[in-house]
file run_8.pdb (PDB, C-alpha atoms and all ligand atoms)
ATOM      1  CA  MET A 249     -55.181 103.316-195.662
ATOM      2  CA  ASN A 250     -56.705 104.435-198.903
ATOM      3  CA  ASP A 251     -53.746 105.831-200.822
ATOM      4  CA  PHE A 252     -52.579 104.254-204.094
ATOM      5  CA  TYR A 253     -49.570 102.491-202.559
ATOM      6  CA  CYS A 254     -51.364 100.922-199.577
ATOM      7  CA  LYS A 255     -54.485 100.097-201.560
ATOM      8  CA  ASN A 256     -53.033  98.890-204.855
ATOM      9  CA  ILE A 257     -49.328  98.118-204.585
ATOM     10  CA  LEU A 258     -48.934  96.732-201.056
ATOM     11  CA  ASN A 259     -52.200  94.792-201.424
ATOM     12  CA  ASN A 260     -51.225  93.528-204.883
ATOM     13  CA  LYS A 261     -54.339  94.961-206.515
ATOM     14  CA  VAL A 262     -52.463  96.188-209.577
ATOM     15  CA  GLU A 263     -49.747  94.461-211.542
ATOM     16  CA  PHE A 264     -46.287  95.896-211.087
ATOM     17  CA  GLN A 265     -42.715  94.817-211.677
ATOM     18  CA  LYS A 266     -40.773  94.529-208.451
ATOM     19  CA  ILE A 267     -37.146  95.689-208.402
ATOM     20  CA  LYS A 268     -36.248  94.880-204.811
ATOM     21  CA  GLU A 269     -37.846  94.272-201.460
ATOM     22  CA  THR A 270     -36.784  94.108-197.830
ATOM     23  CA  GLU A 271     -38.765  93.695-194.636
ATOM     24  CA  ASN A 272     -39.404  97.460-194.610
ATOM     25  CA  ILE A 273     -39.289  98.776-198.155
ATOM     26  CA  LEU A 274     -40.428  97.941-201.681
ATOM     27  CA  ALA A 275     -38.971  99.208-204.967
ATOM     28  CA  PHE A 276     -40.752  98.729-208.284
ATOM     29  CA  TYR A 277     -41.182 100.197-211.748
ATOM     30  CA  HIS A 278     -43.808 102.961-211.835
ATOM     31  CA  THR A 279     -47.086 101.692-213.279
ATOM     32  CA  LYS A 280     -47.472 104.920-215.307
ATOM     33  CA  PRO A 281     -43.904 106.007-216.037
ATOM     34  CA  SER A 282     -43.030 109.679-216.629
ATOM     35  CA  PHE A 283     -39.514 108.864-217.837
ATOM     36  CA  THR A 284     -38.079 105.992-219.856
ATOM     37  CA  PHE A 285     -36.652 104.743-216.545
ATOM     38  CA  HIS A 286     -39.031 105.380-213.656
ATOM     39  CA  ALA A 287     -38.756 103.466-210.402
ATOM     40  CA  VAL A 288     -40.490 104.127-207.075
ATOM     41  CA  VAL A 289     -39.293 103.256-203.574
ATOM     42  CA  ILE A 290     -41.825 103.145-200.735
ATOM     43  CA  PRO A 291     -41.895 102.067-197.099
ATOM     44  CA  LYS A 292     -44.221  99.101-196.497
ATOM     45  CA  LYS A 293     -45.536 100.869-193.405
ATOM     46  CA  HIS A 294     -47.936 103.732-194.065
ATOM     47  CA  ILE A 295     -46.021 106.967-193.572
ATOM     48  CA  VAL A 296     -47.038 110.219-195.260
ATOM     49  CA  THR A 297     -43.787 112.213-195.534
ATOM     50  CA  ILE A 298     -40.080 112.067-194.705
ATOM     51  CA  LEU A 299     -40.888 114.062-191.557
ATOM     52  CA  GLU A 300     -42.501 110.943-190.035
ATOM     53  CA  ALA A 301     -39.828 108.516-191.194
ATOM     54  CA  ASP A 302     -37.118 107.517-188.744
ATOM     55  CA  ASP A 303     -33.455 107.594-189.763
ATOM     56  CA  ASP A 304     -33.185 103.802-190.115
ATOM     57  CA  LEU A 305     -36.042 103.745-192.603
ATOM     58  CA  LEU A 306     -34.638 106.657-194.606
ATOM     59  CA  ASN A 307     -31.275 104.922-194.601
ATOM     60  CA  GLU A 308     -32.846 101.762-195.984
ATOM     61  CA  ILE A 309     -34.732 103.727-198.659
ATOM     62  CA  PHE A 310     -31.584 105.545-199.783
ATOM     63  CA  LYS A 311     -29.582 102.307-199.753
ATOM     64  CA  ALA A 312     -32.151 100.883-202.202
ATOM     65  CA  ILE A 313     -32.042 104.071-204.301
ATOM     66  CA  LYS A 314     -28.241 103.862-204.511
ATOM     67  CA  GLU A 315     -28.370 100.176-205.480
ATOM     68  CA  ILE A 316     -30.938 100.875-208.208
ATOM     69  CA  ILE A 317     -28.784 103.692-209.621
ATOM     70  CA  ILE A 318     -25.690 101.455-209.620
ATOM     71  CA  GLU A 319     -27.397  98.289-210.901
ATOM     72  CA  ASN A 320     -28.955 100.186-213.819
ATOM     73  CA  LYS A 321     -25.814 102.300-214.482
ATOM     74  CA  LEU A 322     -27.952 105.442-214.265
ATOM     75  CA  ASP A 323     -24.932 107.433-213.075
ATOM     76  CA  GLN A 324     -23.392 106.935-216.523
ATOM     77  CA  LYS A 325     -26.359 108.704-218.141
ATOM     78  CA  ASN A 326     -28.566 110.816-215.870
ATOM     79  CA  TYR A 327     -30.816 110.416-212.886
ATOM     80  CA  ARG A 328     -33.069 112.411-210.603
ATOM     81  CA  ILE A 329     -34.503 111.495-207.195
ATOM     82  CA  VAL A 330     -37.875 113.134-206.501
ATOM     83  CA  ASN A 331     -39.790 113.287-203.240
ATOM     84  CA  ASN A 332     -42.847 115.531-202.876
ATOM     85  CA  GLY A 333     -44.580 117.028-199.837
ATOM     86  CA  GLY A 334     -47.518 119.288-199.109
ATOM     87  CA  SER A 335     -49.544 120.324-202.143
ATOM     88  CA  PHE A 336     -46.840 118.850-204.423
ATOM     89  CA  GLN A 337     -47.624 115.379-203.035
ATOM     90  CA  ASP A 338     -50.375 113.583-204.921
ATOM     91  CA  SER A 339     -50.419 110.210-203.164
ATOM     92  CA  LYS A 340     -50.162 110.655-199.385
ATOM     93  CA  HIS A 341     -47.834 107.692-198.824
ATOM     94  CA  LEU A 342     -44.116 108.412-198.672
ATOM     95  CA  HIS A 343     -42.495 107.593-202.004
ATOM     96  CA  PHE A 344     -39.321 108.431-203.861
ATOM     97  CA  HIS A 345     -39.187 108.521-207.642
ATOM     98  CA  ILE A 346     -35.974 107.572-209.432
ATOM     99  CA  LEU A 347     -36.045 109.036-212.918
ATOM    100  CA  SER A 348     -33.634 108.581-215.776
ATOM    101  CA  GLY A 349     -33.506 108.739-219.545
ATOM    102  CA  GLU A 350     -36.018 110.700-221.569
ATOM    103  CA  LYS A 351     -39.055 112.522-220.218
ATOM    104  CA  LEU A 352     -42.386 110.995-221.331
ATOM    105  CA  ILE A 353     -44.841 113.385-219.601
ATOM    106  CA  GLU A 354     -44.543 116.667-217.716
ATOM    107  CA  VAL A 355     -45.634 116.257-214.085
ATOM    108  CA  VAL A 356     -44.157 113.822-211.585
ATOM    109  CA  LYS A 357     -46.253 113.305-208.468
TER     110      LYS A 357
HETATM  111 ZN    ZN B   1     -50.191 104.250-197.429
END
call {"tool": "encode", "arguments": {"input": "run_8.pdb", "output": "structure tokens"}}
result
Amino acid sequence: MNDFYCKNILNNKVEFQKIKETENILAFYHTKPSFTFHAVVIPKKHIVTILEADDDLLNEIFKAIKEIIIENKLDQKNYRIVNNGGSFQDSKHLHFHILSGEKLIEVVK
């Protein structure tokens, strides 16, 4: 697959800072952050949207999202979970943004 996550992250073509990893998912700091805290959680398998993801995978993704929020104490400040679909979705590989802190740029895709 030719999307950013398959091509660059899952193939280790760009440098990134890993937060956590399981057999099925990978969480890391966004390479071009939009917020002072900006993490991304992706499935390792190529899936385009949540509509193709089975419940076990979504459960694993949200478990990681919850852990990241707790481990970074984001609930004591602010946080936002963003998932895009259709024309809102820039990279066609399922991904969830976890945003917190101050906004650095306008658009999150
Ligand atoms: Zn992909």
call {"tool": "closest_atom_pairs", "arguments": {"input": "run_8.pdb", "of": "chain A", "to": "ligand ZN 1 (chain B)", "cutoff": "8 Å", "atoms": "only C-alpha atoms and all ligand atoms", "output": "Markdown table"}}
result
| residue | atom | partner | partner_atom | distance |
| --- | --- | --- | --- | --- |
| A:Met249 | CA | B:ZN1 | ZN | 5.4 |
| A:Asn250 | CA | B:ZN1 | ZN | 6.7 |
| A:Asp251 | CA | B:ZN1 | ZN | 5.2 |
| A:Phe252 | CA | B:ZN1 | ZN | 7.1 |
| A:Tyr253 | CA | B:ZN1 | ZN | 5.5 |
| A:Cys254 | CA | B:ZN1 | ZN | 4.1 |
| A:Lys255 | CA | B:ZN1 | ZN | 7.3 |
| A:Lys292 | CA | B:ZN1 | ZN | 7.9 |
| A:Lys293 | CA | B:ZN1 | ZN | 7.0 |
| A:His294 | CA | B:ZN1 | ZN | 4.1 |
| A:Ile295 | CA | B:ZN1 | ZN | 6.3 |
| A:Val296 | CA | B:ZN1 | ZN | 7.1 |
| A:Lys340 | CA | B:ZN1 | ZN | 6.7 |
| A:His341 | CA | B:ZN1 | ZN | 4.4 |
| A:Leu342 | CA | B:ZN1 | ZN | 7.5 |
call {"tool": "closest_residue", "arguments": {"input": "run_8.pdb", "among": "A:Leu347, A:Leu352, A:Ile313, A:Ile257", "to": "Thr279 in chain A", "atoms": "all atoms listed in the file"}}
result
A:Ile257
call {"tool": "closest_residue", "arguments": {"input": "run_8.pdb", "among": "A:Leu299, A:Leu305, A:Glu350, A:Glu315", "to": "Gly333 in chain A", "atoms": "all atoms listed in the file"}}
result
A:Leu299
call {"tool": "atom_distance", "arguments": {"input": "run_8.pdb", "atom1": "CA of Leu306 in chain A", "atom2": "CA of Asp323 in chain A"}}
result
20.9 Å
call {"tool": "resolve_selection", "arguments": {"input": "run_8.pdb", "expression": "the PyMOL selection byres (((chain A and resi 281) around 10) and not hetatm)", "output": "list in words"}}
result
Tyr277, His278, Thr279, Lys280, Ser282, Phe283, Thr284, Phe285, His286, Ala287, Val288, His345, Leu347, Lys351, Leu352, Ile353 and Val356 of chain A
call {"tool": "write_last_selection", "arguments": {"input": "run_8.pdb", "atoms": "C-alpha atoms", "output": "PDB file, keeping the file's coordinate frame"}}
result
ATOM      1  CA  TYR A 277     -41.182 100.197-211.748  1.00  0.00           C
ATOM      2  CA  HIS A 278     -43.808 102.961-211.835  1.00  0.00           C
ATOM      3  CA  THR A 279     -47.086 101.692-213.279  1.00  0.00           C
ATOM      4  CA  LYS A 280     -47.472 104.920-215.307  1.00  0.00           C
ATOM      5  CA  SER A 282     -43.030 109.679-216.629  1.00  0.00           C
ATOM      6  CA  PHE A 283     -39.514 108.864-217.837  1.00  0.00           C
ATOM      7  CA  THR A 284     -38.079 105.992-219.856  1.00  0.00           C
ATOM      8  CA  PHE A 285     -36.652 104.743-216.545  1.00  0.00           C
ATOM      9  CA  HIS A 286     -39.031 105.380-213.656  1.00  0.00           C
ATOM     10  CA  ALA A 287     -38.756 103.466-210.402  1.00  0.00           C
ATOM     11  CA  VAL A 288     -40.490 104.127-207.075  1.00  0.00           C
ATOM     12  CA  HIS A 345     -39.187 108.521-207.642  1.00  0.00           C
ATOM     13  CA  LEU A 347     -36.045 109.036-212.918  1.00  0.00           C
ATOM     14  CA  LYS A 351     -39.055 112.522-220.218  1.00  0.00           C
ATOM     15  CA  LEU A 352     -42.386 110.995-221.331  1.00  0.00           C
ATOM     16  CA  ILE A 353     -44.841 113.385-219.601  1.00  0.00           C
ATOM     17  CA  VAL A 356     -44.157 113.822-211.585  1.00  0.00           C
TER      18      VAL A 356
END
call {"tool": "resolve_selection", "arguments": {"input": "run_8.pdb", "expression": "the PyMOL selection byres (((chain A and resi 308) around 12) and not hetatm)", "output": "PyMOL selection string"}}
result
chain A and resi 268-275+289-292+301-307+309-315
call {"tool": "write_last_selection", "arguments": {"input": "run_8.pdb", "atoms": "C-alpha atoms", "output": "PDB file, keeping the file's coordinate frame"}}
result
ATOM      1  CA  LYS A 268     -36.248  94.880-204.811  1.00  0.00           C
ATOM      2  CA  GLU A 269     -37.846  94.272-201.460  1.00  0.00           C
ATOM      3  CA  THR A 270     -36.784  94.108-197.830  1.00  0.00           C
ATOM      4  CA  GLU A 271     -38.765  93.695-194.636  1.00  0.00           C
ATOM      5  CA  ASN A 272     -39.404  97.460-194.610  1.00  0.00           C
ATOM      6  CA  ILE A 273     -39.289  98.776-198.155  1.00  0.00           C
ATOM      7  CA  LEU A 274     -40.428  97.941-201.681  1.00  0.00           C
ATOM      8  CA  ALA A 275     -38.971  99.208-204.967  1.00  0.00           C
ATOM      9  CA  VAL A 289     -39.293 103.256-203.574  1.00  0.00           C
ATOM     10  CA  ILE A 290     -41.825 103.145-200.735  1.00  0.00           C
ATOM     11  CA  PRO A 291     -41.895 102.067-197.099  1.00  0.00           C
ATOM     12  CA  LYS A 292     -44.221  99.101-196.497  1.00  0.00           C
ATOM     13  CA  ALA A 301     -39.828 108.516-191.194  1.00  0.00           C
ATOM     14  CA  ASP A 302     -37.118 107.517-188.744  1.00  0.00           C
ATOM     15  CA  ASP A 303     -33.455 107.594-189.763  1.00  0.00           C
ATOM     16  CA  ASP A 304     -33.185 103.802-190.115  1.00  0.00           C
ATOM     17  CA  LEU A 305     -36.042 103.745-192.603  1.00  0.00           C
ATOM     18  CA  LEU A 306     -34.638 106.657-194.606  1.00  0.00           C
ATOM     19  CA  ASN A 307     -31.275 104.922-194.601  1.00  0.00           C
ATOM     20  CA  ILE A 309     -34.732 103.727-198.659  1.00  0.00           C
ATOM     21  CA  PHE A 310     -31.584 105.545-199.783  1.00  0.00           C
ATOM     22  CA  LYS A 311     -29.582 102.307-199.753  1.00  0.00           C
ATOM     23  CA  ALA A 312     -32.151 100.883-202.202  1.00  0.00           C
ATOM     24  CA  ILE A 313     -32.042 104.071-204.301  1.00  0.00           C
ATOM     25  CA  LYS A 314     -28.241 103.862-204.511  1.00  0.00           C
ATOM     26  CA  GLU A 315     -28.370 100.176-205.480  1.00  0.00           C
TER      27      GLU A 315
END
call {"tool": "atom_distance", "arguments": {"input": "run_8.pdb", "atom1": "CA of Phe344 in chain A", "atom2": "CA of Glu319 in chain A"}}
result
17.2 Å
call {"tool": "closest_residue", "arguments": {"input": "run_8.pdb", "among": "A:Lys321, A:Ser348, A:Lys266, A:His343", "to": "Ile298 in chain A", "atoms": "only C-alpha atoms"}}
result
A:His343
call {"tool": "atom_distance", "arguments": {"input": "run_8.pdb", "atom1": "CA of Ile329 in chain A", "atom2": "CA of Thr297 in chain A"}}
result
14.9 Å
call {"tool": "axis_aligned_box", "arguments": {"input": "run_8.pdb", "around": "range 316-321 of chain A", "padding_each_side": "8 Å", "output": "JSON"}}
result
{"center_x": -28.3, "center_y": 101.0, "center_z": -211.3, "size_x": 21.2, "size_y": 21.4, "size_z": 22.3}
call {"tool": "build_atoms", "arguments": {"input": "run_8.pdb", "residues": "range 297-329 of chain A", "atoms": "N, CA and C atoms", "output": "mmCIF file, keeping the file's coordinate frame"}}
result
data_model
loop_
_atom_site.group_PDB
_atom_site.id
_atom_site.type_symbol
_atom_site.label_atom_id
_atom_site.label_comp_id
_atom_site.auth_asym_id
_atom_site.auth_seq_id
_atom_site.Cartn_x
_atom_site.Cartn_y
_atom_site.Cartn_z
ATOM 1 N N THR A 297 -44.934 111.452 -195.011
ATOM 2 C CA THR A 297 -43.787 112.213 -195.534
ATOM 3 C C THR A 297 -42.489 111.799 -194.831
ATOM 4 N N ILE A 298 -41.382 112.327 -195.334
ATOM 5 C CA ILE A 298 -40.080 112.067 -194.705
ATOM 6 C C ILE A 298 -40.043 112.549 -193.249
ATOM 7 N N LEU A 299 -40.902 113.508 -192.916
ATOM 8 C CA LEU A 299 -40.888 114.062 -191.557
ATOM 9 C C LEU A 299 -41.302 113.027 -190.520
ATOM 10 N N GLU A 300 -42.054 112.004 -190.948
ATOM 11 C CA GLU A 300 -42.501 110.943 -190.035
ATOM 12 C C GLU A 300 -41.614 109.707 -190.087
ATOM 13 N N ALA A 301 -40.667 109.701 -191.018
ATOM 14 C CA ALA A 301 -39.828 108.516 -191.194
ATOM 15 C C ALA A 301 -38.616 108.598 -190.268
ATOM 16 N N ASP A 302 -38.310 107.477 -189.593
ATOM 17 C CA ASP A 302 -37.118 107.517 -188.744
ATOM 18 C C ASP A 302 -35.861 107.316 -189.604
ATOM 19 N N ASP A 303 -34.709 107.605 -189.010
ATOM 20 C CA ASP A 303 -33.455 107.594 -189.763
ATOM 21 C C ASP A 303 -33.134 106.218 -190.348
ATOM 22 N N ASP A 304 -33.468 105.150 -189.609
ATOM 23 C CA ASP A 304 -33.185 103.802 -190.115
ATOM 24 C C ASP A 304 -33.963 103.521 -191.397
ATOM 25 N N LEU A 305 -35.207 103.961 -191.407
ATOM 26 C CA LEU A 305 -36.042 103.745 -192.603
ATOM 27 C C LEU A 305 -35.511 104.564 -193.778
ATOM 28 N N LEU A 306 -35.174 105.817 -193.524
ATOM 29 C CA LEU A 306 -34.638 106.657 -194.606
ATOM 30 C C LEU A 306 -33.330 106.089 -195.129
ATOM 31 N N ASN A 307 -32.532 105.550 -194.210
ATOM 32 C CA ASN A 307 -31.275 104.922 -194.601
ATOM 33 C C ASN A 307 -31.520 103.730 -195.523
ATOM 34 N N GLU A 308 -32.517 102.939 -195.179
ATOM 35 C CA GLU A 308 -32.846 101.762 -195.984
ATOM 36 C C GLU A 308 -33.383 102.173 -197.363
ATOM 37 N N ILE A 309 -34.197 103.223 -197.387
ATOM 38 C CA ILE A 309 -34.732 103.727 -198.659
ATOM 39 C C ILE A 309 -33.582 104.218 -199.537
ATOM 40 N N PHE A 310 -32.675 105.001 -198.965
ATOM 41 C CA PHE A 310 -31.584 105.545 -199.783
ATOM 42 C C PHE A 310 -30.560 104.480 -200.177
ATOM 43 N N LYS A 311 -30.435 103.443 -199.361
ATOM 44 C CA LYS A 311 -29.582 102.307 -199.753
ATOM 45 C C LYS A 311 -30.167 101.663 -201.012
ATOM 46 N N ALA A 312 -31.476 101.468 -201.026
ATOM 47 C CA ALA A 312 -32.151 100.883 -202.202
ATOM 48 C C ALA A 312 -32.013 101.804 -203.411
ATOM 49 N N ILE A 313 -32.175 103.108 -203.194
ATOM 50 C CA ILE A 313 -32.042 104.071 -204.301
ATOM 51 C C ILE A 313 -30.636 103.995 -204.894
ATOM 52 N N LYS A 314 -29.622 103.962 -204.026
ATOM 53 C CA LYS A 314 -28.241 103.862 -204.511
ATOM 54 C C LYS A 314 -28.017 102.578 -205.301
ATOM 55 N N GLU A 315 -28.534 101.466 -204.787
ATOM 56 C CA GLU A 315 -28.370 100.176 -205.480
ATOM 57 C C GLU A 315 -29.034 100.213 -206.858
ATOM 58 N N ILE A 316 -30.217 100.808 -206.925
ATOM 59 C CA ILE A 316 -30.938 100.875 -208.208
ATOM 60 C C ILE A 316 -30.154 101.733 -209.206
ATOM 61 N N ILE A 317 -29.594 102.832 -208.746
ATOM 62 C CA ILE A 317 -28.784 103.692 -209.621
ATOM 63 C C ILE A 317 -27.570 102.919 -210.140
ATOM 64 N N ILE A 318 -26.895 102.204 -209.237
ATOM 65 C CA ILE A 318 -25.690 101.455 -209.620
ATOM 66 C C ILE A 318 -26.039 100.285 -210.535
ATOM 67 N N GLU A 319 -27.044 99.499 -210.139
ATOM 68 C CA GLU A 319 -27.397 98.289 -210.901
ATOM 69 C C GLU A 319 -27.857 98.627 -212.324
ATOM 70 N N ASN A 320 -28.459 99.791 -212.492
ATOM 71 C CA ASN A 320 -28.955 100.186 -213.819
ATOM 72 C C ASN A 320 -28.016 101.166 -214.527
ATOM 73 N N LYS A 321 -26.819 101.405 -213.910
ATOM 74 C CA LYS A 321 -25.814 102.300 -214.482
ATOM 75 C C LYS A 321 -26.384 103.676 -214.825
ATOM 76 N N LEU A 322 -27.312 104.151 -213.990
ATOM 77 C CA LEU A 322 -27.952 105.442 -214.265
ATOM 78 C C LEU A 322 -26.962 106.588 -214.127
ATOM 79 N N ASP A 323 -25.941 106.390 -213.287
ATOM 80 C CA ASP A 323 -24.932 107.433 -213.075
ATOM 81 C C ASP A 323 -24.119 107.689 -214.340
ATOM 82 N N GLN A 324 -24.117 106.737 -215.264
ATOM 83 C CA GLN A 324 -23.392 106.935 -216.523
ATOM 84 C C GLN A 324 -24.212 107.740 -217.528
ATOM 85 N N LYS A 325 -25.493 107.965 -217.225
ATOM 86 C CA LYS A 325 -26.359 108.704 -218.141
ATOM 87 C C LYS A 325 -26.910 109.939 -217.411
ATOM 88 N N ASN A 326 -27.975 109.744 -216.672
ATOM 89 C CA ASN A 326 -28.566 110.816 -215.870
ATOM 90 C C ASN A 326 -29.525 110.191 -214.867
ATOM 91 N N TYR A 327 -29.757 110.871 -213.785
ATOM 92 C CA TYR A 327 -30.816 110.416 -212.886
ATOM 93 C C TYR A 327 -31.266 111.566 -212.008
ATOM 94 N N ARG A 328 -32.479 111.421 -211.495
ATOM 95 C CA ARG A 328 -33.069 112.411 -210.603
ATOM 96 C C ARG A 328 -33.857 111.649 -209.551
ATOM 97 N N ILE A 329 -33.727 112.079 -208.287
ATOM 98 C CA ILE A 329 -34.503 111.495 -207.195
ATOM 99 C C ILE A 329 -35.533 112.547 -206.789
#
